[in-house]
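Engineer: Provided below: query.txt, containing compact mmCIF, C-alpha atoms and all ligand atoms.
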```
# COMPACT_ATOMS: atom_id res chain seq x y z
CA MET D 957 -13.27 -0.75 17.96
CA LYS D 958 -11.82 -4.06 16.85
CA ILE D 959 -8.25 -4.73 15.71
CA ILE D 960 -7.27 -7.39 13.23
CA ILE D 961 -3.59 -8.05 12.55
CA LYS D 962 -2.66 -9.91 9.37
CA LYS D 963 0.76 -11.18 8.40
CA ASP D 964 1.33 -8.97 5.36
CA TYR D 965 -0.16 -6.56 2.84
CA ASP D 966 -1.74 -9.32 0.73
CA SER D 967 -3.60 -10.92 3.59
CA LEU D 968 -4.72 -7.49 4.81
CA GLY D 969 -6.35 -6.86 1.42
CA LYS D 970 -7.95 -10.31 1.47
CA GLU D 971 -9.34 -9.80 4.98
CA ALA D 972 -10.86 -6.44 4.07
CA ALA D 973 -12.30 -7.90 0.85
CA LYS D 974 -13.87 -10.75 2.81
CA ILE D 975 -15.72 -8.27 5.04
CA ILE D 976 -16.90 -6.18 2.09
CA LYS D 977 -18.04 -9.20 0.07
CA GLU D 978 -20.05 -10.43 3.04
CA ALA D 979 -21.61 -6.96 3.45
CA ILE D 980 -22.65 -6.91 -0.23
CA ARG D 981 -24.10 -10.42 0.05
CA GLN D 982 -26.18 -9.25 3.00
CA LYS D 983 -27.17 -5.97 1.34
CA PRO D 984 -26.74 -5.89 -2.46
CA ASN D 985 -27.39 -2.13 -2.56
CA LEU D 986 -24.66 -1.45 0.00
CA VAL D 987 -23.60 2.20 0.28
CA LEU D 988 -19.84 1.98 0.17
CA GLY D 989 -17.42 4.80 0.95
CA LEU D 990 -14.16 4.45 -0.99
CA ALA D 991 -10.69 5.63 -0.04
CA SER D 992 -7.74 6.38 -2.29
CA GLY D 993 -4.00 6.13 -1.62
CA ASN D 994 -1.92 2.97 -2.04
CA THR D 995 -3.16 0.99 0.93
CA PRO D 996 -6.59 -0.08 -0.42
CA LEU D 997 -5.20 -1.13 -3.83
CA GLY D 998 -4.79 -4.79 -2.82
CA LEU D 999 -8.33 -4.81 -1.47
CA TYR D 1000 -9.70 -3.41 -4.74
CA GLN D 1001 -7.76 -6.09 -6.66
CA GLU D 1002 -9.38 -8.76 -4.50
CA LEU D 1003 -12.85 -7.35 -5.20
CA ILE D 1004 -12.11 -7.27 -8.93
CA LYS D 1005 -11.10 -10.94 -8.73
CA ALA D 1006 -14.38 -11.71 -6.96
CA HIS D 1007 -16.23 -9.99 -9.79
CA LYS D 1008 -14.35 -11.95 -12.45
CA LYS D 1009 -15.17 -15.21 -10.70
CA ASN D 1010 -18.83 -14.15 -10.54
CA GLU D 1011 -18.73 -14.40 -6.78
CA ILE D 1012 -20.25 -10.99 -6.16
CA ASP D 1013 -22.74 -8.82 -7.99
CA PHE D 1014 -21.77 -5.16 -7.67
CA SER D 1015 -24.59 -3.88 -9.89
CA LYS D 1016 -26.58 -2.34 -7.07
CA ILE D 1017 -23.84 -0.89 -4.87
CA ILE D 1018 -23.82 2.86 -4.35
CA VAL D 1019 -20.42 4.48 -3.94
CA PHE D 1020 -19.18 7.72 -2.46
CA ASN D 1021 -15.57 8.81 -2.48
CA LEU D 1022 -13.94 10.09 0.62
CA ASP D 1023 -11.87 12.97 -0.65
CA GLU D 1024 -10.47 14.80 -3.66
CA TYR D 1025 -7.86 17.43 -4.46
CA LEU D 1026 -9.29 20.84 -5.16
CA GLY D 1027 -8.66 21.95 -8.73
CA LEU D 1028 -8.37 18.44 -10.19
CA SER D 1029 -11.41 17.52 -12.24
CA GLY D 1030 -12.30 13.90 -12.89
CA ASN D 1031 -10.31 13.91 -16.17
CA TYR D 1032 -7.04 14.50 -14.43
CA SER D 1033 -5.00 11.31 -14.02
CA GLN D 1034 -4.02 11.98 -10.40
CA SER D 1035 -7.52 12.92 -9.28
CA TYR D 1036 -9.06 10.35 -6.95
CA ASN D 1037 -12.21 10.52 -9.05
CA TYR D 1038 -10.26 9.28 -12.12
CA LEU D 1039 -8.14 6.78 -10.20
CA LEU D 1040 -11.03 5.12 -8.38
CA ARG D 1041 -12.80 4.56 -11.67
CA LYS D 1042 -9.65 3.30 -13.39
CA ILE D 1043 -8.30 0.99 -10.70
CA PHE D 1044 -11.58 -0.30 -9.35
CA LEU D 1045 -15.02 0.84 -10.43
CA ASN D 1046 -14.56 0.34 -14.17
CA GLN D 1047 -13.36 -3.19 -13.55
CA ILE D 1048 -16.44 -4.43 -11.72
CA ASN D 1049 -20.10 -4.38 -12.76
CA ALA D 1050 -20.96 -1.30 -10.71
CA GLU D 1051 -23.39 1.13 -12.36
CA ARG D 1052 -22.16 4.60 -13.26
CA ARG D 1053 -25.42 6.17 -12.14
CA ASN D 1054 -24.65 4.93 -8.62
CA PHE D 1055 -21.28 6.72 -8.47
CA HIS D 1056 -21.00 9.80 -6.29
CA LEU D 1057 -17.43 10.87 -6.85
CA LEU D 1058 -16.32 14.27 -5.60
CA ASN D 1059 -15.28 16.58 -8.40
CA GLY D 1060 -12.31 18.79 -7.51
CA GLY D 1061 -13.04 21.05 -10.47
CA VAL D 1062 -16.17 22.63 -8.97
CA LYS D 1063 -16.64 26.35 -8.54
CA ASN D 1064 -19.17 26.82 -5.73
CA VAL D 1065 -17.42 24.58 -3.25
CA GLU D 1066 -19.53 25.35 -0.21
CA LYS D 1067 -22.80 24.56 -1.96
CA TYR D 1068 -21.25 21.50 -3.57
CA CYS D 1069 -20.18 20.10 -0.20
CA GLN D 1070 -23.69 20.63 1.19
CA ILE D 1071 -25.18 18.80 -1.79
CA TYR D 1072 -22.73 15.92 -1.26
CA GLU D 1073 -23.87 15.58 2.34
CA GLU D 1074 -27.50 15.56 1.15
CA GLU D 1075 -26.70 12.86 -1.40
CA ILE D 1076 -25.22 10.68 1.35
CA LYS D 1077 -28.35 11.22 3.43
CA LYS D 1078 -30.63 10.45 0.49
CA ALA D 1079 -28.77 7.19 -0.08
CA GLY D 1080 -29.61 6.27 3.52
CA GLY D 1081 -26.14 7.00 4.92
CA ILE D 1082 -22.88 5.14 4.39
CA ASP D 1083 -23.06 1.47 5.31
CA LEU D 1084 -19.39 0.71 5.07
CA GLN D 1085 -16.56 3.22 4.85
CA ILE D 1086 -13.06 2.21 3.82
CA LEU D 1087 -10.22 4.35 5.16
CA GLY D 1088 -6.46 4.56 5.01
CA ILE D 1089 -4.47 6.67 7.45
CA GLY D 1090 -2.06 9.51 6.75
CA SER D 1091 1.32 9.54 8.54
CA ASN D 1092 -0.01 12.43 10.67
CA GLY D 1093 -3.18 10.54 11.57
CA HIS D 1094 -5.46 12.11 8.98
CA ILE D 1095 -8.43 10.20 7.63
CA GLY D 1096 -9.70 11.41 4.28
CA PHE D 1097 -8.05 14.82 4.20
CA ASN D 1098 -9.13 15.68 7.74
CA GLU D 1099 -5.83 17.01 9.00
CA PRO D 1100 -4.85 17.35 12.68
CA GLY D 1101 -6.98 19.99 14.35
CA THR D 1102 -10.12 19.27 12.30
CA SER D 1103 -13.30 19.39 14.38
CA PHE D 1104 -14.96 16.10 15.19
CA ASP D 1105 -18.22 17.80 14.12
CA SER D 1106 -17.03 18.52 10.59
CA LYS D 1107 -19.07 17.61 7.53
CA THR D 1108 -17.88 17.49 3.90
CA HIS D 1109 -15.72 20.60 3.50
CA LEU D 1110 -12.81 22.32 1.84
CA THR D 1111 -9.54 21.91 3.70
CA GLU D 1112 -5.89 22.96 3.53
CA LEU D 1113 -3.41 20.12 3.35
CA ALA D 1114 -0.81 19.84 6.10
CA GLU D 1115 2.84 20.30 5.05
CA SER D 1116 3.54 16.66 5.91
CA THR D 1117 0.66 15.49 3.67
CA ILE D 1118 1.98 17.56 0.77
CA LYS D 1119 5.41 15.93 1.28
CA ASP D 1120 3.93 12.42 1.61
CA ASN D 1121 1.77 12.78 -1.49
CA ALA D 1122 4.53 14.27 -3.67
CA ARG D 1123 5.27 10.63 -4.67
CA PHE D 1124 2.09 10.68 -6.77
CA PHE D 1125 2.82 13.99 -8.49
CA GLY D 1126 6.55 13.78 -9.17
CA GLN D 1127 7.38 16.90 -7.20
CA GLU D 1128 6.11 18.63 -4.10
CA LYS D 1129 5.23 21.86 -5.82
CA ASP D 1130 2.70 20.07 -8.05
CA VAL D 1131 0.66 18.70 -5.14
CA PRO D 1132 -2.57 20.70 -4.76
CA LYS D 1133 -2.60 22.59 -1.46
CA ARG D 1134 -6.33 22.22 -0.82
CA ALA D 1135 -8.82 19.40 -0.99
CA LEU D 1136 -12.45 18.43 -0.49
CA THR D 1137 -13.07 15.78 2.13
CA MET D 1138 -15.91 14.10 3.95
CA GLY D 1139 -15.76 15.51 7.46
CA LEU D 1140 -15.02 13.55 10.61
CA GLN D 1141 -18.69 13.57 11.52
CA THR D 1142 -19.62 12.34 8.04
CA ILE D 1143 -17.17 9.45 8.41
CA PHE D 1144 -18.19 8.69 11.98
CA LYS D 1145 -21.83 8.33 10.97
CA ALA D 1146 -21.00 5.35 8.76
CA GLU D 1147 -22.55 2.14 10.05
CA LYS D 1148 -19.27 0.27 9.80
CA ILE D 1149 -15.70 1.52 9.20
CA LEU D 1150 -12.65 -0.39 8.00
CA LEU D 1151 -9.34 1.41 8.45
CA LEU D 1152 -6.40 -0.23 6.70
CA ALA D 1153 -2.77 0.43 7.61
CA SER D 1154 0.22 -1.31 6.14
CA GLY D 1155 4.00 -1.05 6.47
CA PRO D 1156 6.47 0.13 9.11
CA ASN D 1157 5.98 3.81 8.29
CA LYS D 1158 2.42 3.57 9.65
CA ALA D 1159 3.44 1.86 12.91
CA ASP D 1160 3.84 5.01 15.04
CA ILE D 1161 0.65 6.65 13.91
CA ALA D 1162 -1.38 3.42 14.13
CA ALA D 1163 -0.30 3.00 17.77
CA LYS D 1164 -1.23 6.61 18.56
CA ALA D 1165 -4.60 6.32 16.83
CA ILE D 1166 -5.47 3.05 18.54
CA GLU D 1167 -3.90 3.39 21.98
CA GLY D 1168 -3.40 7.12 22.49
CA PRO D 1169 -5.94 9.66 23.71
CA VAL D 1170 -8.89 10.56 21.51
CA THR D 1171 -7.84 13.95 20.24
CA SER D 1172 -8.44 16.04 17.14
CA GLU D 1173 -4.63 16.20 16.86
CA ILE D 1174 -4.84 12.56 15.71
CA PRO D 1175 -8.07 12.56 13.66
CA ALA D 1176 -8.15 8.74 13.32
CA SER D 1177 -8.30 8.42 17.13
CA ILE D 1178 -12.00 9.34 16.95
CA LEU D 1179 -12.60 5.81 15.65
CA GLN D 1180 -11.87 4.46 19.14
CA LYS D 1181 -15.35 5.70 19.99
CA HIS D 1182 -17.08 4.17 16.98
CA PRO D 1183 -19.18 1.10 17.84
CA ASN D 1184 -18.32 -0.70 14.63
CA ALA D 1185 -14.85 0.37 13.51
CA ILE D 1186 -12.29 -2.26 12.55
CA PHE D 1187 -8.59 -1.48 12.18
CA ILE D 1188 -6.94 -4.00 9.88
CA LEU D 1189 -3.17 -3.78 10.15
CA ASP D 1190 -0.37 -5.86 8.78
CA LYS D 1191 2.34 -7.01 11.18
CA SER D 1192 4.73 -4.21 10.35
CA ALA D 1193 2.09 -1.51 10.89
CA ALA D 1194 1.11 -3.18 14.17
CA LYS D 1195 4.61 -3.45 15.60
CA LYS D 1196 4.30 -0.47 17.97
CA LEU D 1197 1.04 -1.66 19.54
CA THR D 1198 1.27 -2.85 23.13
CA PRO D 1199 1.66 -6.64 22.90
CA ILE D 1200 -1.24 -8.62 24.35
CA PRO D 1201 0.18 -10.79 27.18
C1 LIG X 1301 -4.02 10.49 1.29
C2 LIG X 1301 -5.53 10.34 1.29
C3 LIG X 1301 -6.00 9.46 2.40
C4 LIG X 1301 -5.16 8.21 2.49
C5 LIG X 1301 -3.75 8.60 2.84
C6 LIG X 1301 -2.82 7.42 3.01
O1 LIG X 1301 -3.56 11.66 1.83
N1 LIG X 1301 -6.20 11.57 1.40
O2 LIG X 1301 -7.38 9.16 2.19
O3 LIG X 1301 -5.68 7.36 3.47
O4 LIG X 1301 -3.26 9.42 1.82
O5 LIG X 1301 -2.31 6.98 1.77
P1 LIG X 1301 -1.53 5.66 1.55
O6 LIG X 1301 -2.51 4.57 1.69
O7 LIG X 1301 -0.97 5.75 0.16
O8 LIG X 1301 -0.46 5.59 2.59
```
Would you kindly transcribe this structure into structure tokens?

Structural biologist:
Amino acid sequence: MKIIIKKDYDSLGKEAAKIIKEAIRQKPNLVLGLASGNTPLGLYQELIKAHKKNEIDFSKIIVFNLDEYLGLSGNYSQSYNYLLRKIFLNQINAERRNFHLLNGGVKNVEKYCQIYEEEIKKAGGIDLQILGIGSNGHIGFNEPGTSFDSKTHLTELAESTIKDNARFFGQEKDVPKRALTMGLQTIFKAEKILLLASGPNKADIAAKAIEGPVTSEIPASILQKHPNAIFILDKSAAKKLTPIP
């Protein structure tokens, strides 16, 4: 596990974009796992800029999304499926046929999750997975207590996640209570992982995930064991880390 601390949100996005651009240059058909939430927005903006300047060709990338609310199909404006297309994928030259975006509107969830895992395998596995972190340490929607062996599955959201995500829905009661998410094992199998954390409200959980014990109570702590995981934090998210003498 490597830790990079940048001065602010903008430079965090730029740093993450630099790593992703390099990965696409090395492997044009990169299999990229995408996260939602506010934290990666700056990164996506940077990648869109790179596209506009013709710096990077995204035409061969293959994308998978990390998670989705159950019950929200891709037409719904707060679904991650819709948002990822709107804020990022539709603004670069990525090919629709290379999009694997979870659909929260599915009926046979169990089968659907199995098929998603097979699609990841068929693509050769995820080369680079982008992650944010929930205030309770979740990655994707893998809430505290989720098994490290989990694959893509249906999960119940923690109370704290429902509260945190109410900002996107207007009120708490409108936040779906269940979601589909890549499992911790699915995420861990990625060749490289970039976890982004920004702002003072992520400081406590970032310190626990990075310096605390590896425990399923803090799902992101599993990344301490990953050979190629990079935590990119801005200064305010890094302020509870033990200072290096
Ligand atoms: C959601 C998503 C996560 C995301 C987290 C943090 O619950 N399921 O994938 O990492 O929120 O969001 P934000 O970046 O907005 O703080």

Engineer: Which neighbours of Ala1176 of chain D fall inside 12 Å, counting all atoms listed in the file, when residues of the same chain fewer than 5 positions from it are skipped, and could you give them as a ChimeraX atom specification?

Structural biologist: /D:957,1087-1104,1139-1141,1143-1144,1149-1153,1161-1171,1181-1182,1185-1187

Engineer: Which is closest to Tyr1025 of chain D among D:Glu1073, D:Lys1009, D:Ile1174, D:Asn1037, if we use only C-alpha atoms?

Structural biologist: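 Nearest to Tyr1025 of chain D: D:Asn1037.
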
Engineer: Out of D:Arg981, D:Lys1196, D:Arg1134, D:Lys1191, which residue has the shortest atom-to-atom distance to ligand LIG 1301 (chain X) when counting all atoms listed in the file?

Structural biologist: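 Among the listed residues, D:Arg1134 lies closest to ligand LIG 1301 (chain X).
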
Engineer: Could you check which of D:His1109, D:Lys1158, D:Lys1016, D:Lys958 is closest to ligand LIG 1301 (chain X), using only C-alpha atoms and all ligand atoms?

Structural biologist: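 Counting only C-alpha atoms and all ligand atoms, the residue closest to ligand LIG 1301 (chain X) is D:Lys1158.
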
Engineer: To box segment 1113-1119 of chain D, take all atoms listed in the file, fit an axis-aligned box, add 6 Å on each side, and give centre and edge lengths in Å to one decimal, as AutoDock Vina command-line options.

Structural biologist:
```
--center_x 1.0 --center_y 17.9 --center_z 3.4 --size_x 20.8 --size_y 16.8 --size_z 17.3
```

Engineer: Nearest residue to Asn1184 of chain D out of D:Ser1116, D:Gln1085, D:Thr1108, D:Asn1021, using all atoms listed in the file?

Structural biologist: D:Gln1085

Engineer: When you draw a straight line from atom CA of Ala1146 of chain D to atom CA of Ile976 of chain D, how long is it in Å?

Structural biologist: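 Distance reported for this atom pair: 13.9 Å.
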
Engineer: Hey, can you check how far atom CA of Ala1050 of chain D sits from atom CA of Ile1017 of chain D?

Structural biologist: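 Taking atom CA of Ala1050 of chain D as the start and atom CA of Ile1017 of chain D as the end point, the length is 6.5 Å.
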
Engineer: Using all atoms listed in the file, pick whichever of D:Ala1135, D:His1007, D:Ile1200, D:Asp964 has the shortest atom-to-atom distance to Ser1029 of chain D.

Structural biologist: D:Ala1135

Engineer: Could you tell me which of D:Leu1110, D:Leu997, D:Ile1082, D:Val1062 comes closest to ligand LIG 1301 (chain X) if we count all atoms listed in the file?

Structural biologist: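 Ranked by minimum distance to ligand LIG 1301 (chain X), first place goes to D:Leu997.
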
Engineer: Can you measure atom CA of Lys1107 of chain D to atom CA of Phe1055 of chain D for me? One decimal in Å is fine.

Structural biologist: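 According to the coordinates, atom CA of Lys1107 of chain D and atom CA of Phe1055 of chain D are separated by 19.5 Å.
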
Engineer: Could you list as a ChimeraX atom specification every residue that has an atom within 8 Å of (-6.9, 6.6, -2.4), using the file's coordinates and counting only C-alpha atoms?

Structural biologist: /D:990-996,1036,1039-1040,1088

Engineer: For the point (-20.3, 5.6, -6.4) in the file's frame, write as an MDAnalysis selection string all residues with an atom no more than 7 Å away, counting all atoms listed in the file.

Structural biologist: chainID D and resid 1018:1021 1054:1057

Engineer: With a distance cut-off of 9 Å and only C-alpha atoms, select the neighbouring residues of Gly998 of chain D, excluding the residue or stretch itself and same-chain residues fewer than 3 positions from it, and output the selection as a list in words.

Structural biologist: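 Here the answer would be Tyr965, Asp966, Ser967, Leu968, Gly969, Lys970, Ala973, Asn994, Thr995, Gln1001, Glu1002 and Leu1003 of chain D.
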
Engineer: Please save C-alpha atoms of the selected residues as an mmCIF file, keeping the file's coordinate frame.

Structural biologist:
```
data_model
loop_
_atom_site.group_PDB
_atom_site.id
_atom_site.type_symbol
_atom_site.label_atom_id
_atom_site.label_comp_id
_atom_site.auth_asym_id
_atom_site.auth_seq_id
_atom_site.Cartn_x
_atom_site.Cartn_y
_atom_site.Cartn_z
ATOM 1 C CA TYR D 965 -0.160 -6.560 2.840
ATOM 2 C CA ASP D 966 -1.740 -9.320 0.730
ATOM 3 C CA SER D 967 -3.600 -10.920 3.590
ATOM 4 C CA LEU D 968 -4.720 -7.490 4.810
ATOM 5 C CA GLY D 969 -6.350 -6.860 1.420
ATOM 6 C CA LYS D 970 -7.950 -10.310 1.470
ATOM 7 C CA ALA D 973 -12.300 -7.900 0.850
ATOM 8 C CA ASN D 994 -1.920 2.970 -2.040
ATOM 9 C CA THR D 995 -3.160 0.990 0.930
ATOM 10 C CA GLN D 1001 -7.760 -6.090 -6.660
ATOM 11 C CA GLU D 1002 -9.380 -8.760 -4.500
ATOM 12 C CA LEU D 1003 -12.850 -7.350 -5.200
#
```

Engineer: I need segment 1095-1158 of chain D written out with C-alpha atoms, as an mmCIF file, in the first residue's frame; please produce it.

Structural biologist:
```
data_model
loop_
_atom_site.group_PDB
_atom_site.id
_atom_site.type_symbol
_atom_site.label_atom_id
_atom_site.label_comp_id
_atom_site.auth_asym_id
_atom_site.auth_seq_id
_atom_site.Cartn_x
_atom_site.Cartn_y
_atom_site.Cartn_z
ATOM 1 C CA ILE D 1095 -15.803 0.701 -0.235
ATOM 2 C CA GLY D 1096 -18.417 0.326 -2.930
ATOM 3 C CA PHE D 1097 -21.404 -0.521 -0.767
ATOM 4 C CA ASN D 1098 -19.502 -3.121 1.242
ATOM 5 C CA GLU D 1099 -20.619 -2.049 4.687
ATOM 6 C CA PRO D 1100 -18.833 -2.931 7.950
ATOM 7 C CA GLY D 1101 -19.094 -6.652 8.605
ATOM 8 C CA THR D 1102 -18.966 -7.678 4.930
ATOM 9 C CA SER D 1103 -16.844 -10.776 4.343
ATOM 10 C CA PHE D 1104 -13.475 -10.279 2.707
ATOM 11 C CA ASP D 1105 -14.457 -13.208 0.445
ATOM 12 C CA SER D 1106 -17.531 -11.483 -0.952
ATOM 13 C CA LYS D 1107 -18.207 -11.241 -4.676
ATOM 14 C CA THR D 1108 -20.731 -8.976 -6.428
ATOM 15 C CA HIS D 1109 -23.854 -9.162 -4.254
ATOM 16 C CA LEU D 1110 -26.967 -7.519 -2.926
ATOM 17 C CA THR D 1111 -26.435 -5.646 0.324
ATOM 18 C CA GLU D 1112 -28.340 -3.632 2.918
ATOM 19 C CA LEU D 1113 -27.102 -0.101 3.440
ATOM 20 C CA ALA D 1114 -25.914 0.883 6.912
ATOM 21 C CA GLU D 1115 -27.946 3.572 8.706
ATOM 22 C CA SER D 1116 -24.965 5.937 8.511
ATOM 23 C CA THR D 1117 -24.702 5.440 4.729
ATOM 24 C CA ILE D 1118 -28.400 6.212 4.290
ATOM 25 C CA LYS D 1119 -27.881 9.422 6.308
ATOM 26 C CA ASP D 1120 -24.708 10.363 4.396
ATOM 27 C CA ASN D 1121 -26.293 9.771 1.003
ATOM 28 C CA ALA D 1122 -29.528 11.640 1.795
ATOM 29 C CA ARG D 1123 -27.723 14.724 0.361
ATOM 30 C CA PHE D 1124 -28.173 13.225 -3.121
ATOM 31 C CA PHE D 1125 -31.857 12.394 -2.701
ATOM 32 C CA GLY D 1126 -33.199 15.421 -0.827
ATOM 33 C CA GLN D 1127 -34.458 13.391 2.117
ATOM 34 C CA GLU D 1128 -33.403 10.306 4.001
ATOM 35 C CA LYS D 1129 -36.576 8.384 3.341
ATOM 36 C CA ASP D 1130 -35.956 8.500 -0.421
ATOM 37 C CA VAL D 1131 -32.560 6.790 -0.220
ATOM 38 C CA PRO D 1132 -32.852 3.160 -1.367
ATOM 39 C CA LYS D 1133 -32.142 0.777 1.508
ATOM 40 C CA ARG D 1134 -30.413 -1.877 -0.589
ATOM 41 C CA ALA D 1135 -27.762 -1.887 -3.266
ATOM 42 C CA LEU D 1136 -25.713 -4.058 -5.599
ATOM 43 C CA THR D 1137 -21.977 -3.884 -5.110
ATOM 44 C CA MET D 1138 -18.807 -5.561 -6.272
ATOM 45 C CA GLY D 1139 -17.667 -7.610 -3.292
ATOM 46 C CA LEU D 1140 -14.483 -7.082 -1.327
ATOM 47 C CA GLN D 1141 -12.884 -10.034 -3.062
ATOM 48 C CA THR D 1142 -13.912 -8.651 -6.467
ATOM 49 C CA ILE D 1143 -12.282 -5.329 -5.601
ATOM 50 C CA PHE D 1144 -9.196 -6.919 -4.077
ATOM 51 C CA LYS D 1145 -8.543 -8.904 -7.243
ATOM 52 C CA ALA D 1146 -7.998 -5.708 -9.230
ATOM 53 C CA GLU D 1147 -4.423 -5.353 -10.429
ATOM 54 C CA LYS D 1148 -4.163 -1.818 -9.112
ATOM 55 C CA ILE D 1149 -6.459 0.178 -6.800
ATOM 56 C CA LEU D 1150 -6.692 3.940 -6.289
ATOM 57 C CA LEU D 1151 -8.648 5.027 -3.234
ATOM 58 C CA LEU D 1152 -9.400 8.741 -3.084
ATOM 59 C CA ALA D 1153 -10.340 10.581 0.103
ATOM 60 C CA SER D 1154 -10.855 14.293 0.446
ATOM 61 C CA GLY D 1155 -11.911 16.689 3.205
ATOM 62 C CA PRO D 1156 -11.811 16.742 7.003
ATOM 63 C CA ASN D 1157 -14.852 14.488 7.376
ATOM 64 C CA LYS D 1158 -12.813 11.609 5.922
#
```
